[in-house]
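> If you scroll down you'll find the structure; I have some questions about it.
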Amino acid sequence: MITDRRPRFARLVSWGLITSAAAALALIPLPTVHTAPRHVTLRVEAAQFAFAPSELSVNAGDTVTLELVSTDVVHGLYVDQYDLGVEADPGQTSRLTFVADKPGSFRIRCNVACGQYHPFMIGRLTVGTPIAFWRAAGLALLALAAILLGAVRPAREAPA
Amino acid sequence: MRLREHAARLAILIVVAAAALIPLAAWLRTPLVHARMAESGGWGPDVLHARAGVPLLVRLTSDDVVHGFAVGQSDAPPVDVLPGKVSQTWVEFDQPGTYTFYCTRWCGPNHWRMRGVIEVEGSETAHAVPASPPLFQVLGIDLDLPHPAAATPSAHPDAQRGRALAGRLEKPIDLNLDEYRAQSPAAVWQKWRTDRGLAGLSDQDLWDLVAYTYASQINTADRSEAAQLYAANCAACHGQRGDGQGVFADALTQNNLDMGGTSDMSPATGPVRPVDFTDPASMLGASPALLHGKILRGGMGTGMPMWGAILTDPQIWNLAAFLYTFQFDEEPVS
Amino acid sequence: MKTRSMVLRTRGMNLLKKRGWQVALSTVMLAGLAFTAVAGWVGTPIGSRNFAIAFVWIGWFAALIILLIPIFGRGWCSICPIPMVGDWVQRGAVLEPQGRPPRGLGLRVPSLLRNMWTQNAAFALLALFSASILTSPRITAAALVGMFVLATGLSLVFENRAFCRYVCPMGGFIGLYSQVAPIELRVAAREKCTACQTKDCYNGSASGYGCPWGVFPTSLTRNNYCGLCLECLRTCPNDNLAIRVRPVAADLYVPSTRSDEAFKSLIMLGSAMVYAAVLLGPWTAFKFAAFGIGSLAWLVNAAVFLVLVLGLLPGSLWLVGRLSQRLTPSAEGTQANPSARGRSPFAAFATPLVPLGLAFWAAFSLTFFLTNGSYVLSSISDPLGLGWNLIGTAGVGWQPILAGAIAPLQTAVLVGGFIWAAGVARRVTERLQLPSLPLIGFLFLPTVVMLWLLL
């Protein structure tokens with residue numbers, strides 16, 4: 001579908017540049033921002049079917065304690081990719097303490113069936129900067145640039 | 001040709017009918033007790049039948065949120081009833097009668113209304129054991145009247161200080177069980193204030209003695225169990241710190257009216273919020289008998305459940321004793 | 001460039017011409033539908049523990065978007081059970097024709113409705129109720145049975161598979177995205193068709209039925225409306241029809257010309273973003289608006305959604321087309337190029353939304369499937385939530401799979417989808433001799449938005 005008709009050398013150079021740029025965007029770790037790690041306690045209330053607050057943010061390296069306060073039925077709080085969770089009955093606050101060593105943006109979700117819309121009881125915990133998004137946006141931008149600058153050219157004729 | 005066609009049609013009909021009828025039949029033959037929030041109907045069915053001495057298998061599932069199942073005043077541990085999963089427990093009763101089962105995991109402000117009964121039949125006629133009237137009735141205490149404390153301490157009484165003080169007294173303080181149960185802390189304090197043997201002690205010292213005396217009415221194990229009962233059953237309304245600011249405190253008032261409760265029985269102020277156990281003005285004017293009575297009988301339309309069928313008598317007395325810990329800095333005094 | 005294609009070997013073709021396997025598979029699917037409906041209706045109301053939700057919305061839907069459509073195009077439609085009973089009644093047979101005249105009123109679908117607009121409306125309306133449909137076993141069961149009854153009823157009134165062709169909300173996007181599949185059903189040699197007098201492919205014969213999709217197989221150039229029912233393979237007296245393998249997305253080489261298809265791709269693009277924002281995002285107000293069906297907030301949510309997919313997105317695409325026309329350099333360019341003058345090349349410019357929308361839906365479904373796929377396992381063992389344990393997996397708790405891989409996979413799918421769509425955009429704009437920058441920009445922005453919503 002996309003074929004390239006430039007001289008071999010030009011093709012090699014441009015593909016080489018694109019691939020290395022893509023690899024860099026995908027893999028190179030961001031420079032660490034040196035904020036002193038803190039002990040942070042965040043109180044999260046859980047009701048059918050949302051967390052309050054639903055968006056949390058801490059610095060990378062912080063020791064985070066999430067206090068889960070259920071205000072109607074038994075709920076849970078689970079952090080995607082950290083694979084950590086805790087559940088709380090109304091009237092009994094539960095705590096989850098962990099070190100936020102993975103930077104990025106992670107969904108927090110209820111992991112105890114709490115009614116019809118339980119699968120959508122989702123919030124967001126941002127540790128430092130949302131790395132995955134920036135990498136992906138960078139890659140998309142790289143793709144856009146490569147396409148617009150004519151680094152790759154599609155076939156001239158449409159098929160019969 | 002036509003035979004193949006008919007065979008194909010038959011095969012389709014049989015396969016599809018089986019796919020529909022087999023699960024339907026299985027469902028019809030699986031009796032389950034369904035747990036739902038009280039707003040959605042509560043237990044379904046909410047009346048179970050058993051025979052004395054014959055174990056009954058109860059299979060449970062929840063149709064909405066996490067619930068739990070336990071039989072009132074029973075030693076058997078509660079079993080969680082989880083959404084979409086089936087759990088089971090055996091119940092067995094020696095004596096015929098009517099027993100209460102109830103939900104053990106908070107499932108909304110009407111969690112305490114989620115109760116059902118197990119009717120147990122027996123071969124011999126049940127010997128009705130006449131229940132002795134609860135102490136508050138014997139003493140003639142009106143549970144619904146306000147009970148202001150005639151005297152209140154200027155600071156939080158400290159049971160440890162009280163213990164040290166008690167050790168130095170010439171004549172040991174004595175409060176027997178009946179006296180303890182029948183009198184409020186303020187009344188005890190006032191009685192001791194007029195005791196010439198204690199005239200040398202300051203008001204606050206006397207409160208510390210009261211605190212120590214109350215703390216020693218309950219041992220560590222019972223206090224710990226009472227704390228767990230409080231956390232599981234009371235904290236959601238009365239607050240983990242006993243201040244009446246539990247997660248349901250705000251919703252309770254409106255919810256009580258929504259569920260058809262009345263505010264008639266409460267004083268002219270209208271619907272009542274969960275009691276604040278940290279308020280010395282009323283808490284110290286409440287005797288253990290009054291607290292025991294309130295827990296036993298419930299709040300008569302205020303949203304305070306009646307626990308008589310759920311908790312055993314010793315459990316209720318222990319809970320009442322535990323409630324004073326919100327007033328007195330108590331260390332466990334075994 | 002000639003389309004490279006390869007006729008499947010004769011043995012394979014003979015296998016496809018036999019009915020038995022197709023009827024057998026469809027019967028299994030129909031049994032599955034019956035079982036799912038019963039499970040959904042009487043089984044536990046907890047979606048995650050009910051076969052109906054786990055299988056339909058987590059298992060089947062993810063398989064459809066990620067595997068079945070990209071590989072087999074409309075392959076699902078060839079074994080879909082929804083039209084089975086309707087066909088049976090119309091044809092008077094489940095296997096080969098029994099020599100009976102077709103039953104039912106056999107009316108032609110009115111020309112006003114012979115397009116995708118009904119399907120577009122059906123999908124957009126269903127999307128407003130999606131929070132409930134996706135989580136309630138009873139509603140899912142009712143939807144399945146409802147579609148089945150509607151399809152059967154329409155078959156009694158109209159000719160052919162009126163439901164499948166013009167109403168089915170699934171069929172709308174299956175057909176649209178089937179254009180990317182590497183397989184197609186086409187005529188081998190056109191000359192034989194010209195010489196053919198009977199046109200059995202369309203009219204039917206003793207060996208099979210005329211095309212139930214109302215398509216004229218001779219003139220098939222795209223996958224959209226061919227449901228791969230394979231009847232024409234069986235009826236053609238010249239053995240002129242075949243399933244062929246072809247380059248991926250070959251159907252998109254020729255830009256689309258239909259505005260109903262354009263709107264469909266815009267609806268799909270918009271709903272993928274809205275679903276990601278409302279269902280997977282942290283914004284409580286949006287969620288509650290979606291849950292509270294009938295409330296004022298829900299009405300506002302519905303209005304915003306409809307304005308977005310039926311107004312804002314199409315309007316933007318139209319403007320992008322206009323912009324491209326304005327940017328065509330020099331007066332002589334405008335003179336020489338009809339596309340630079342007339343109406344905005346709206347439908348043509350919607351063509352790249354096919355791979356982009358598919359990528360959006362695939363990325364979205366990846367999250368759902370990898371996060372909640374464990375429910376599929378447990379629901380096989382205990383489909384009704386009655387406490388069974390058929391294959392021992394009833395105790396499998398909720399556990400996300402490959403959680404660390406989700407972000408890279410979604411990045412690959414979305415960025416890859418954007419690159420693919422940009423390639424299609426390039427081809428379309430070069431054919432129309434219009435600048436490609438506006439269109440590529442139009443593809444880039446939603447891609448970044450979707451990345452932000454999902455990652």
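Please note that chains go A, B, ... in the order of the structure tokens, that every chain numbers its residues from 1, and that ligands are numbered from 1 in the order shown.
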Set the cut-off to 12 Å and count only C-alpha atoms: what are the residues of chain B that reach chain A? Output as JSON, numbers by chain.
{"B": [36, 37, 40, 62, 63, 64, 65, 66, 67, 68, 80, 81, 82, 83, 84, 85, 104, 105, 106, 107, 108, 109, 110, 111, 227, 228, 229, 230, 231, 232, 233, 234, 235, 236, 237, 238, 239, 240, 241, 242, 244, 245, 246, 247, 248, 249, 250, 251, 252]}
> If you keep N, CA and C atoms, can you produce a file of those selected residues as a compact mmCIF listing (two decimals), in the first residue's frame?

# COMPACT_ATOMS: atom_id res chain seq x y z
N ARG B 36 -30.61 -8.92 48.61
CA ARG B 36 -30.68 -7.64 47.90
C ARG B 36 -30.74 -6.54 48.94
N MET B 37 -30.32 -5.35 48.55
CA MET B 37 -30.43 -4.23 49.48
C MET B 37 -31.88 -4.08 49.88
N SER B 40 -34.41 -2.77 47.63
CA SER B 40 -34.83 -3.61 46.52
C SER B 40 -35.57 -4.85 46.99
N SER B 62 -25.90 -12.97 46.14
CA SER B 62 -26.33 -11.58 46.18
C SER B 62 -26.67 -11.11 44.77
N ASP B 63 -27.73 -10.31 44.68
CA ASP B 63 -28.14 -9.77 43.39
C ASP B 63 -27.65 -8.35 43.16
N ASP B 64 -26.95 -7.79 44.15
CA ASP B 64 -26.45 -6.43 43.90
C ASP B 64 -25.08 -6.18 44.50
N VAL B 65 -24.97 -6.08 45.81
CA VAL B 65 -23.70 -5.69 46.43
C VAL B 65 -23.28 -6.77 47.43
N VAL B 66 -22.17 -6.51 48.10
CA VAL B 66 -21.69 -7.48 49.08
C VAL B 66 -22.61 -7.48 50.30
N HIS B 67 -23.12 -8.66 50.66
CA HIS B 67 -23.90 -8.82 51.88
C HIS B 67 -23.25 -9.90 52.72
N GLY B 68 -23.85 -10.19 53.85
CA GLY B 68 -23.38 -11.30 54.67
C GLY B 68 -24.58 -11.92 55.35
N ASP B 80 -20.03 -14.58 54.08
CA ASP B 80 -20.21 -13.50 53.11
C ASP B 80 -21.10 -13.96 51.97
N VAL B 81 -21.96 -13.09 51.53
CA VAL B 81 -22.84 -13.38 50.39
C VAL B 81 -22.42 -12.41 49.28
N LEU B 82 -21.78 -12.94 48.27
CA LEU B 82 -21.12 -12.09 47.27
C LEU B 82 -21.92 -12.02 45.98
N PRO B 83 -21.85 -10.88 45.30
CA PRO B 83 -22.63 -10.72 44.07
C PRO B 83 -22.28 -11.75 43.03
N GLY B 84 -23.29 -12.46 42.54
CA GLY B 84 -23.08 -13.41 41.46
C GLY B 84 -22.39 -14.69 41.86
N LYS B 85 -22.01 -14.81 43.12
CA LYS B 85 -21.39 -16.06 43.56
C LYS B 85 -22.33 -16.74 44.56
N THR B 104 -24.75 -8.99 57.43
CA THR B 104 -23.61 -8.63 58.27
C THR B 104 -22.60 -7.71 57.58
N ARG B 105 -22.86 -7.31 56.34
CA ARG B 105 -21.95 -6.37 55.68
C ARG B 105 -22.78 -5.16 55.27
N TRP B 106 -22.33 -3.99 55.61
CA TRP B 106 -23.10 -2.77 55.33
C TRP B 106 -23.42 -2.65 53.84
N CYS B 107 -24.71 -2.48 53.57
CA CYS B 107 -25.16 -2.47 52.18
C CYS B 107 -26.06 -1.29 51.93
N GLY B 108 -25.78 -0.17 52.58
CA GLY B 108 -26.62 0.99 52.38
C GLY B 108 -27.18 1.42 53.73
N PRO B 109 -27.83 2.57 53.79
CA PRO B 109 -28.35 3.03 55.08
C PRO B 109 -29.43 2.13 55.66
N ASN B 110 -30.02 1.29 54.84
CA ASN B 110 -31.06 0.39 55.35
C ASN B 110 -30.56 -1.03 55.58
N HIS B 111 -29.27 -1.14 55.68
CA HIS B 111 -28.64 -2.44 55.92
C HIS B 111 -29.28 -3.16 57.10
N ALA B 227 -15.36 -3.75 70.66
CA ALA B 227 -14.83 -2.79 69.69
C ALA B 227 -15.08 -3.29 68.27
N GLN B 228 -14.91 -4.59 68.06
CA GLN B 228 -15.17 -5.15 66.73
C GLN B 228 -16.65 -5.06 66.38
N LEU B 229 -17.51 -5.35 67.35
CA LEU B 229 -18.94 -5.23 67.10
C LEU B 229 -19.29 -3.79 66.74
N TYR B 230 -18.69 -2.87 67.47
CA TYR B 230 -18.96 -1.46 67.18
C TYR B 230 -18.52 -1.09 65.77
N ALA B 231 -17.31 -1.52 65.42
CA ALA B 231 -16.79 -1.17 64.09
C ALA B 231 -17.67 -1.74 63.00
N ALA B 232 -18.12 -2.96 63.20
CA ALA B 232 -18.89 -3.62 62.14
C ALA B 232 -20.33 -3.16 62.09
N ASN B 233 -20.91 -2.79 63.23
CA ASN B 233 -22.34 -2.53 63.26
C ASN B 233 -22.74 -1.08 63.52
N CYS B 234 -21.90 -0.34 64.21
CA CYS B 234 -22.33 0.97 64.69
C CYS B 234 -21.60 2.12 64.02
N ALA B 235 -20.33 1.88 63.65
CA ALA B 235 -19.49 2.99 63.20
C ALA B 235 -20.03 3.67 61.95
N ALA B 236 -20.72 2.91 61.11
CA ALA B 236 -21.18 3.50 59.86
C ALA B 236 -22.14 4.66 60.10
N CYS B 237 -22.88 4.63 61.18
CA CYS B 237 -23.78 5.73 61.51
C CYS B 237 -23.21 6.61 62.60
N HIS B 238 -22.70 5.98 63.67
CA HIS B 238 -22.25 6.74 64.82
C HIS B 238 -20.83 7.24 64.67
N GLY B 239 -20.11 6.80 63.63
CA GLY B 239 -18.77 7.31 63.38
C GLY B 239 -17.71 6.43 64.01
N GLN B 240 -16.58 6.35 63.33
CA GLN B 240 -15.50 5.54 63.88
C GLN B 240 -14.97 6.15 65.17
N ARG B 241 -15.19 7.44 65.36
CA ARG B 241 -14.74 8.10 66.59
C ARG B 241 -15.91 8.37 67.52
N GLY B 242 -17.05 7.75 67.25
CA GLY B 242 -18.18 7.87 68.15
C GLY B 242 -18.85 9.23 68.15
N GLY B 244 -20.96 10.57 66.04
CA GLY B 244 -22.23 10.72 65.33
C GLY B 244 -22.04 11.16 63.88
N GLN B 245 -20.80 11.18 63.40
CA GLN B 245 -20.54 11.62 62.03
C GLN B 245 -20.17 10.45 61.13
N GLY B 246 -20.88 9.36 61.29
CA GLY B 246 -20.62 8.21 60.42
C GLY B 246 -21.00 8.53 58.99
N VAL B 247 -20.58 7.65 58.07
CA VAL B 247 -20.81 7.91 56.65
C VAL B 247 -22.29 8.03 56.32
N PHE B 248 -23.17 7.42 57.13
CA PHE B 248 -24.59 7.50 56.83
C PHE B 248 -25.30 8.57 57.61
N ALA B 249 -24.57 9.32 58.44
CA ALA B 249 -25.24 10.24 59.35
C ALA B 249 -26.15 11.21 58.61
N ASP B 250 -25.63 11.78 57.52
CA ASP B 250 -26.44 12.77 56.81
C ASP B 250 -27.58 12.12 56.07
N ALA B 251 -27.30 10.98 55.46
CA ALA B 251 -28.32 10.35 54.63
C ALA B 251 -29.43 9.75 55.49
N LEU B 252 -29.09 9.43 56.74
CA LEU B 252 -30.02 8.67 57.56
C LEU B 252 -31.33 9.38 57.79
> Which residues come within 8 Å of Val424 of chain C, counting only C-alpha atoms, excluding same-chain residues fewer than 6 positions away, as a PDB file with N, CA and C atoms, in the first residue's frame?

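The resulting file, part30.pdb, is shown below:
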ATOM      1  N   LEU C 252     -10.423   0.115  -0.095  1.00  0.00           N
ATOM      2  CA  LEU C 252     -10.309   1.548   0.164  1.00  0.00           C
ATOM      3  C   LEU C 252      -9.495   2.267  -0.902  1.00  0.00           C
ATOM      4  N   TYR C 253      -8.996   1.541  -1.891  1.00  0.00           N
ATOM      5  CA  TYR C 253      -8.246   2.212  -2.948  1.00  0.00           C
ATOM      6  C   TYR C 253      -9.141   3.159  -3.715  1.00  0.00           C
ATOM      7  N   THR C 351     -13.186   8.195   3.778  1.00  0.00           N
ATOM      8  CA  THR C 351     -12.603   6.874   3.550  1.00  0.00           C
ATOM      9  C   THR C 351     -11.515   6.514   4.560  1.00  0.00           C
ATOM     10  N   PRO C 352     -10.562   7.409   4.846  1.00  0.00           N
ATOM     11  CA  PRO C 352      -9.535   7.016   5.823  1.00  0.00           C
ATOM     12  C   PRO C 352     -10.063   6.800   7.238  1.00  0.00           C
TER      13      PRO C 352
END
> Name all residues at most 8 Å from Ala149 of chain B (count only C-alpha atoms; drop same-chain ones fewer than 6 positions away) and give them as a ChimeraX atom specification.
/B:186-187,280-286
> I need the chosen residues saved as a PDB file, in the first residue's frame, with N, CA and C atoms.

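Generated file (again-v3.pdb):
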ATOM      1  N   ALA B 186     -22.503  10.273  85.832  1.00  0.00           N
ATOM      2  CA  ALA B 186     -22.700  11.534  86.554  1.00  0.00           C
ATOM      3  C   ALA B 186     -23.314  11.270  87.923  1.00  0.00           C
ATOM      4  N   ALA B 187     -24.248  10.336  87.982  1.00  0.00           N
ATOM      5  CA  ALA B 187     -24.872  10.014  89.278  1.00  0.00           C
ATOM      6  C   ALA B 187     -23.853   9.396  90.216  1.00  0.00           C
ATOM      7  N   PRO B 280     -20.292  14.833  76.428  1.00  0.00           N
ATOM      8  CA  PRO B 280     -20.407  14.443  77.839  1.00  0.00           C
ATOM      9  C   PRO B 280     -21.749  14.856  78.457  1.00  0.00           C
ATOM     10  N   ALA B 281     -22.324  15.906  77.954  1.00  0.00           N
ATOM     11  CA  ALA B 281     -23.542  16.417  78.579  1.00  0.00           C
ATOM     12  C   ALA B 281     -24.649  15.381  78.594  1.00  0.00           C
ATOM     13  N   SER B 282     -24.732  14.580  77.532  1.00  0.00           N
ATOM     14  CA  SER B 282     -25.789  13.564  77.552  1.00  0.00           C
ATOM     15  C   SER B 282     -25.243  12.184  77.840  1.00  0.00           C
ATOM     16  N   MET B 283     -24.018  11.908  77.368  1.00  0.00           N
ATOM     17  CA  MET B 283     -23.482  10.565  77.526  1.00  0.00           C
ATOM     18  C   MET B 283     -23.242  10.216  78.986  1.00  0.00           C
ATOM     19  N   LEU B 284     -22.756  11.186  79.744  1.00  0.00           N
ATOM     20  CA  LEU B 284     -22.461  10.881  81.131  1.00  0.00           C
ATOM     21  C   LEU B 284     -23.720  10.812  81.976  1.00  0.00           C
ATOM     22  N   GLY B 285     -24.844  11.209  81.407  1.00  0.00           N
ATOM     23  CA  GLY B 285     -26.104  11.095  82.122  1.00  0.00           C
ATOM     24  C   GLY B 285     -26.834   9.810  81.772  1.00  0.00           C
ATOM     25  N   ALA B 286     -26.200   8.962  80.997  1.00  0.00           N
ATOM     26  CA  ALA B 286     -26.843   7.708  80.575  1.00  0.00           C
ATOM     27  C   ALA B 286     -26.280   6.563  81.383  1.00  0.00           C
TER      28      ALA B 286
END
> Write out as JSON lines the residues of chain B that have any atom within 12 Å of an atom of chain C, one row each with the nearest atom pair and its distance in Å to one decimal, counting only C-alpha atoms, sorted by chain and then rising number.

{"residue": "B:Met1", "atom": "CA", "partner": "C:Gln98", "partner_atom": "CA", "distance": 8.5}
{"residue": "B:Arg2", "atom": "CA", "partner": "C:Gln98", "partner_atom": "CA", "distance": 7.8}
{"residue": "B:Leu3", "atom": "CA", "partner": "C:Leu95", "partner_atom": "CA", "distance": 11.0}
{"residue": "B:Arg4", "atom": "CA", "partner": "C:Leu95", "partner_atom": "CA", "distance": 8.2}
{"residue": "B:Glu5", "atom": "CA", "partner": "C:Leu95", "partner_atom": "CA", "distance": 6.0}
{"residue": "B:His6", "atom": "CA", "partner": "C:Val94", "partner_atom": "CA", "distance": 8.9}
{"residue": "B:Ala7", "atom": "CA", "partner": "C:Val94", "partner_atom": "CA", "distance": 10.1}
{"residue": "B:Ala8", "atom": "CA", "partner": "C:Val94", "partner_atom": "CA", "distance": 7.2}
{"residue": "B:Arg9", "atom": "CA", "partner": "C:Val94", "partner_atom": "CA", "distance": 6.7}
{"residue": "B:Leu10", "atom": "CA", "partner": "C:Val94", "partner_atom": "CA", "distance": 10.4}
{"residue": "B:Ala11", "atom": "CA", "partner": "C:Thr27", "partner_atom": "CA", "distance": 8.8}
{"residue": "B:Ile12", "atom": "CA", "partner": "C:Thr27", "partner_atom": "CA", "distance": 6.0}
{"residue": "B:Leu13", "atom": "CA", "partner": "C:Thr27", "partner_atom": "CA", "distance": 9.0}
{"residue": "B:Ile14", "atom": "CA", "partner": "C:Ala31", "partner_atom": "CA", "distance": 9.5}
{"residue": "B:Val15", "atom": "CA", "partner": "C:Ala31", "partner_atom": "CA", "distance": 6.3}
{"residue": "B:Val16", "atom": "CA", "partner": "C:Ala31", "partner_atom": "CA", "distance": 4.4}
{"residue": "B:Ala17", "atom": "CA", "partner": "C:Ala31", "partner_atom": "CA", "distance": 7.6}
{"residue": "B:Ala18", "atom": "CA", "partner": "C:Ala31", "partner_atom": "CA", "distance": 7.9}
{"residue": "B:Ala19", "atom": "CA", "partner": "C:Phe35", "partner_atom": "CA", "distance": 5.1}
{"residue": "B:Ala20", "atom": "CA", "partner": "C:Phe35", "partner_atom": "CA", "distance": 5.0}
{"residue": "B:Leu21", "atom": "CA", "partner": "C:Phe35", "partner_atom": "CA", "distance": 8.3}
{"residue": "B:Ile22", "atom": "CA", "partner": "C:Phe35", "partner_atom": "CA", "distance": 8.6}
{"residue": "B:Pro23", "atom": "CA", "partner": "C:Val38", "partner_atom": "CA", "distance": 7.0}
{"residue": "B:Leu24", "atom": "CA", "partner": "C:Val38", "partner_atom": "CA", "distance": 6.7}
{"residue": "B:Ala25", "atom": "CA", "partner": "C:Val38", "partner_atom": "CA", "distance": 10.4}
{"residue": "B:Ala26", "atom": "CA", "partner": "C:Leu386", "partner_atom": "CA", "distance": 8.6}
{"residue": "B:Trp27", "atom": "CA", "partner": "C:Leu386", "partner_atom": "CA", "distance": 7.2}
{"residue": "B:Leu28", "atom": "CA", "partner": "C:Val42", "partner_atom": "CA", "distance": 9.3}
{"residue": "B:Arg29", "atom": "CA", "partner": "C:Leu386", "partner_atom": "CA", "distance": 10.1}
{"residue": "B:Thr30", "atom": "CA", "partner": "C:Leu386", "partner_atom": "CA", "distance": 7.1}
{"residue": "B:Pro31", "atom": "CA", "partner": "C:Leu386", "partner_atom": "CA", "distance": 9.1}
{"residue": "B:Leu32", "atom": "CA", "partner": "C:Leu386", "partner_atom": "CA", "distance": 8.1}
{"residue": "B:Val33", "atom": "CA", "partner": "C:Leu386", "partner_atom": "CA", "distance": 11.0}
{"residue": "B:His34", "atom": "CA", "partner": "C:Thr44", "partner_atom": "CA", "distance": 9.7}
{"residue": "B:Ala35", "atom": "CA", "partner": "C:Thr44", "partner_atom": "CA", "distance": 11.4}
{"residue": "B:Arg36", "atom": "CA", "partner": "C:Pro45", "partner_atom": "CA", "distance": 10.9}
{"residue": "B:Arg59", "atom": "CA", "partner": "C:Gly387", "partner_atom": "CA", "distance": 9.1}
{"residue": "B:Leu60", "atom": "CA", "partner": "C:Gly387", "partner_atom": "CA", "distance": 9.4}
{"residue": "B:Thr61", "atom": "CA", "partner": "C:Leu386", "partner_atom": "CA", "distance": 8.2}
{"residue": "B:Ser62", "atom": "CA", "partner": "C:Thr44", "partner_atom": "CA", "distance": 8.3}
{"residue": "B:Asp63", "atom": "CA", "partner": "C:Pro45", "partner_atom": "CA", "distance": 5.9}
{"residue": "B:Asp64", "atom": "CA", "partner": "C:Ile46", "partner_atom": "CA", "distance": 6.7}
{"residue": "B:Val65", "atom": "CA", "partner": "C:Ile46", "partner_atom": "CA", "distance": 9.0}
{"residue": "B:Val66", "atom": "CA", "partner": "C:Ile46", "partner_atom": "CA", "distance": 11.4}
{"residue": "B:Leu82", "atom": "CA", "partner": "C:Ile46", "partner_atom": "CA", "distance": 10.0}
{"residue": "B:Pro83", "atom": "CA", "partner": "C:Ile46", "partner_atom": "CA", "distance": 6.3}
{"residue": "B:Gly84", "atom": "CA", "partner": "C:Gly385", "partner_atom": "CA", "distance": 5.2}
{"residue": "B:Lys85", "atom": "CA", "partner": "C:Gly385", "partner_atom": "CA", "distance": 5.9}
{"residue": "B:Val86", "atom": "CA", "partner": "C:Gly387", "partner_atom": "CA", "distance": 4.9}
{"residue": "B:Ser87", "atom": "CA", "partner": "C:Gly387", "partner_atom": "CA", "distance": 7.8}
{"residue": "B:Gln88", "atom": "CA", "partner": "C:Gly387", "partner_atom": "CA", "distance": 9.8}
> From segment 68-157 of chain A, collect each residue whose DSSP state is alpha helix (DSSP H) and return the set as a list in words.
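Residues meeting the alpha helix (DSSP H) criterion: Ile131, Ala132, Phe133, Trp134, Arg135, Ala136, Ala137, Gly138, Leu139, Ala140, Leu141, Leu142, Ala143, Leu144, Ala145, Ala146, Ile147 and Leu148 of chain A.
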> Distance limit 9 Å, atoms considered: only C-alpha atoms. Which chain A residues sit that close to chain C? Return them as a PyMOL selection string.
chain A and resi 1-2+26+49-52+54-55+80-81+83+105-108+111+113+115-124+130+132-137+139-141+143-144+147-148+153-160
> Residues of the last selection are to be written out with C-alpha atoms, as a CSV table (one decimal), in the first residue's frame.

chain,number,residue,atom,x,y,z
A,1,MET,CA,0.0,0.0,0.0
A,2,ILE,CA,2.8,2.4,0.8
A,26,ALA,CA,9.4,4.8,23.1
A,49,PHE,CA,-20.4,4.5,41.3
A,50,ALA,CA,-17.5,6.9,41.6
A,51,PHE,CA,-14.6,7.9,43.8
A,52,ALA,CA,-14.4,11.3,45.3
A,54,SER,CA,-11.7,10.7,41.2
A,55,GLU,CA,-8.4,12.2,40.1
A,80,ASP,CA,-3.9,-0.6,37.7
A,81,GLN,CA,-0.4,-1.8,37.0
A,83,ASP,CA,-1.7,-4.5,41.1
A,105,SER,CA,-1.0,7.7,34.7
A,106,PHE,CA,-2.9,4.8,36.2
A,107,ARG,CA,-6.6,4.0,36.5
A,108,ILE,CA,-7.9,3.3,39.9
A,111,ASN,CA,-12.6,-4.2,42.5
A,113,ALA,CA,-18.8,-5.9,42.8
A,115,GLY,CA,-23.9,-2.8,41.8
A,116,GLN,CA,-24.8,-2.5,38.2
A,117,TYR,CA,-22.3,0.1,37.0
A,118,HIS,CA,-19.4,-1.3,39.0
A,119,PRO,CA,-17.2,-2.0,35.9
A,120,PHE,CA,-17.2,1.8,35.2
A,121,MET,CA,-16.3,2.9,38.7
A,122,ILE,CA,-13.0,4.3,37.6
A,123,GLY,CA,-10.7,7.2,38.6
A,124,ARG,CA,-7.2,8.2,37.8
A,130,PRO,CA,1.7,10.7,32.4
A,132,ALA,CA,2.8,6.6,28.5
A,133,PHE,CA,0.7,9.3,26.9
A,134,TRP,CA,3.6,11.6,26.1
A,135,ARG,CA,5.6,8.8,24.5
A,136,ALA,CA,2.6,7.9,22.4
A,137,ALA,CA,1.8,11.5,21.5
A,139,LEU,CA,5.3,8.8,18.3
A,140,ALA,CA,2.1,10.0,16.7
A,141,LEU,CA,3.8,13.4,16.1
A,143,ALA,CA,4.5,9.7,12.3
A,144,LEU,CA,2.7,12.9,11.3
A,147,ILE,CA,4.2,11.5,6.5
A,148,LEU,CA,3.9,15.2,5.8
A,153,ARG,CA,5.5,8.1,-0.3
A,154,PRO,CA,2.5,6.0,-1.2
A,155,ALA,CA,2.2,4.4,-4.6
A,156,ARG,CA,1.4,6.8,-7.4
A,157,GLU,CA,-1.3,4.8,-9.1
A,158,ALA,CA,-4.4,3.2,-7.7
A,159,PRO,CA,-4.8,-0.5,-8.6
A,160,ALA,CA,-7.0,-1.4,-11.5
> Quick one: distance from atom CA of Asp276 of chain B to atom CA of Ser216 of chain B in Å, one decimal?
23.2 Å
> What does the structure give for the distance between atom CA of Gly214 of chain C and atom CA of Cys229 of chain C, in Å to one decimal?
11.8 Å
> Excluding segment 198-210 of chain B and its own-chain neighbours fewer than 2 positions away, which residues fall within 8 Å of it when counting only C-alpha atoms? Please give them as an MDAnalysis selection string.
chainID B and resid 153:155 157:163 165:166 185 188:189 192:196 212:214
